[in-house]
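J.: One structure coming up, written as structure tokens, with questions to follow.
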Amino acid sequence: MRGFYKLIIPQKFVELSDGNDWEGIVCPKDSGHQRAGRRTTDLHIHCLSTRVADFSSTILSDIVVTNHALDVLTQVGLTGFEVKNPGICSKTRIKNQCEIPKLWEFLVTGKAGNAHPDSGIVVKWQCGACGLIRYTAFEHGLIVNETNYDGSDFFTVTEYPKYVLISERAKTIIEENGLTNAHFVESSKLQWPEGVIKP
Ligand SMILES: [Zn+2]
């Protein structure tokens, strides 16, 4: 079986600023299902430091990369992402905006469908009225089901779309080029986060 890894971005360098908006999903049956859907605006961020690492993430798991990181990833032809220009808020605490490196919003587009059943994730319930689905926790890591996997270097599984998974090749490229603020855990060895109640 091929190796897959969860991309972990431990340190904070950017945060959401004013200017972001999300669609509101309202359930016709259950007001408790009301939630934010897709972002309807471009990503707007402010930088917490001029020394922004190659990989950053907002509290809502939007990923931001430096121009250097984008160069590295595209030059070797890694797949499963696209980039967009983020709005950088001028109300940032950093006085000299010129010091902020060129940044890109990094959108993961690769897909691996549902995780392998050995992960232990099952549908707990779903709402036919608004489409909300609650899955149980993964009990044995996030195991990629290779029959669903589109082969991208950056991808997600349906049940846990905020968990960015990467190929062995992507991990090697990131490590060999010394891209900063990216750590990896083998996806099949992922533990349910401590302190988070299982759904
Ligand atoms: Zn509903």
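Chain labels follow the order of the structure tokens: the first chain is A, the next B, and so on; residue numbering restarts at 1 in every chain, and ligands are counted from 1 in their shown order.
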DSSP on the backbone, then: every residue of segment 25-199 of chain A marked strand (DSSP E), written as number ranges by chain.

T.: A: 25, 35-39, 44-47, 55-57, 63-66, 81-84, 87-88, 103-108, 110-111, 123-126, 133-135, 154-156, 165-167, 183-186

J.: Find the residues near Trp192 of chain A: any atom within 10 Å, counting only C-alpha atoms, skip ones fewer than 3 places away on the same chain, and give them as a ChimeraX atom specification.

T.: /A:137-142,189,195-198

J.: Convert the current residue selection to file output with N, CA and C atoms, as a compact mmCIF listing (two decimals), in the first residue's frame.

T.:
```txt
# COMPACT_ATOMS: atom_id res chain seq x y z
N ALA A 137 -16.39 9.19 14.34
CA ALA A 137 -14.95 9.45 14.32
C ALA A 137 -14.24 8.35 13.53
N PHE A 138 -13.03 8.65 13.08
CA PHE A 138 -12.19 7.58 12.54
C PHE A 138 -11.54 6.86 13.71
N GLU A 139 -11.57 5.55 13.66
CA GLU A 139 -11.05 4.75 14.77
C GLU A 139 -9.68 4.17 14.46
N HIS A 140 -9.36 4.08 13.19
CA HIS A 140 -8.09 3.45 12.78
C HIS A 140 -7.39 4.32 11.75
N GLY A 141 -7.29 5.60 12.05
CA GLY A 141 -6.69 6.54 11.11
C GLY A 141 -7.60 6.81 9.93
N LEU A 142 -7.11 7.62 9.02
CA LEU A 142 -7.85 7.87 7.78
C LEU A 142 -7.17 7.02 6.72
N LYS A 189 -2.24 6.27 10.60
CA LYS A 189 -1.88 6.25 12.04
C LYS A 189 -2.45 7.46 12.77
N GLY A 195 -9.05 15.58 23.45
CA GLY A 195 -9.90 16.67 23.95
C GLY A 195 -11.09 16.99 23.05
N VAL A 196 -11.15 16.35 21.90
CA VAL A 196 -12.30 16.58 21.01
C VAL A 196 -13.25 15.40 21.17
N ILE A 197 -14.48 15.71 21.55
CA ILE A 197 -15.48 14.65 21.78
C ILE A 197 -15.82 13.99 20.44
N LYS A 198 -15.85 12.67 20.44
CA LYS A 198 -16.19 11.97 19.20
C LYS A 198 -17.66 12.20 18.84
```

J.: Using only C-alpha atoms, can you tell me which of A:Val164, A:Leu179, A:Leu190, A:Val144 comes closest to Thr66 of chain A?

T.: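 That would be A:Leu179, the residue with the smallest distance to Thr66 of chain A.
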
J.: Given a cut-off of 9 Å, what residues near ligand 1 show up using only C-alpha atoms and all ligand atoms, put as JSON, numbers by chain?

T.: {"A": [26, 27, 28, 29, 30, 31, 32, 33, 34, 126, 127, 128, 129, 130, 131, 132, 133]}

J.: Quick one: DSSP alpha helix (DSSP H) residues in chain A, as a list in words?

T.: Asn67, His68, Ala69, Leu70, Asp71, Val72, Leu73, Thr74, Gln75, Glu168, Arg169, Ala170, Lys171, Thr172, Ile173, Ile174, Glu175 and Glu176 of chain A

J.: Given only C-alpha atoms as the basis, pick out the residue of A:Val72, A:Ile45, A:Val64, A:Glu23 nearest to Asn177 of chain A.

T.: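 Closest to Asn177 of chain A of all the choices is A:Val72.
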
J.: Contacts of Lys6 of chain A at 12 Å or less, counting only C-alpha atoms, minus same-chain residues fewer than 5 places along, as a PyMOL selection string?

T.: chain A and resi 141-144+153-157+160-168+170-171+182-191
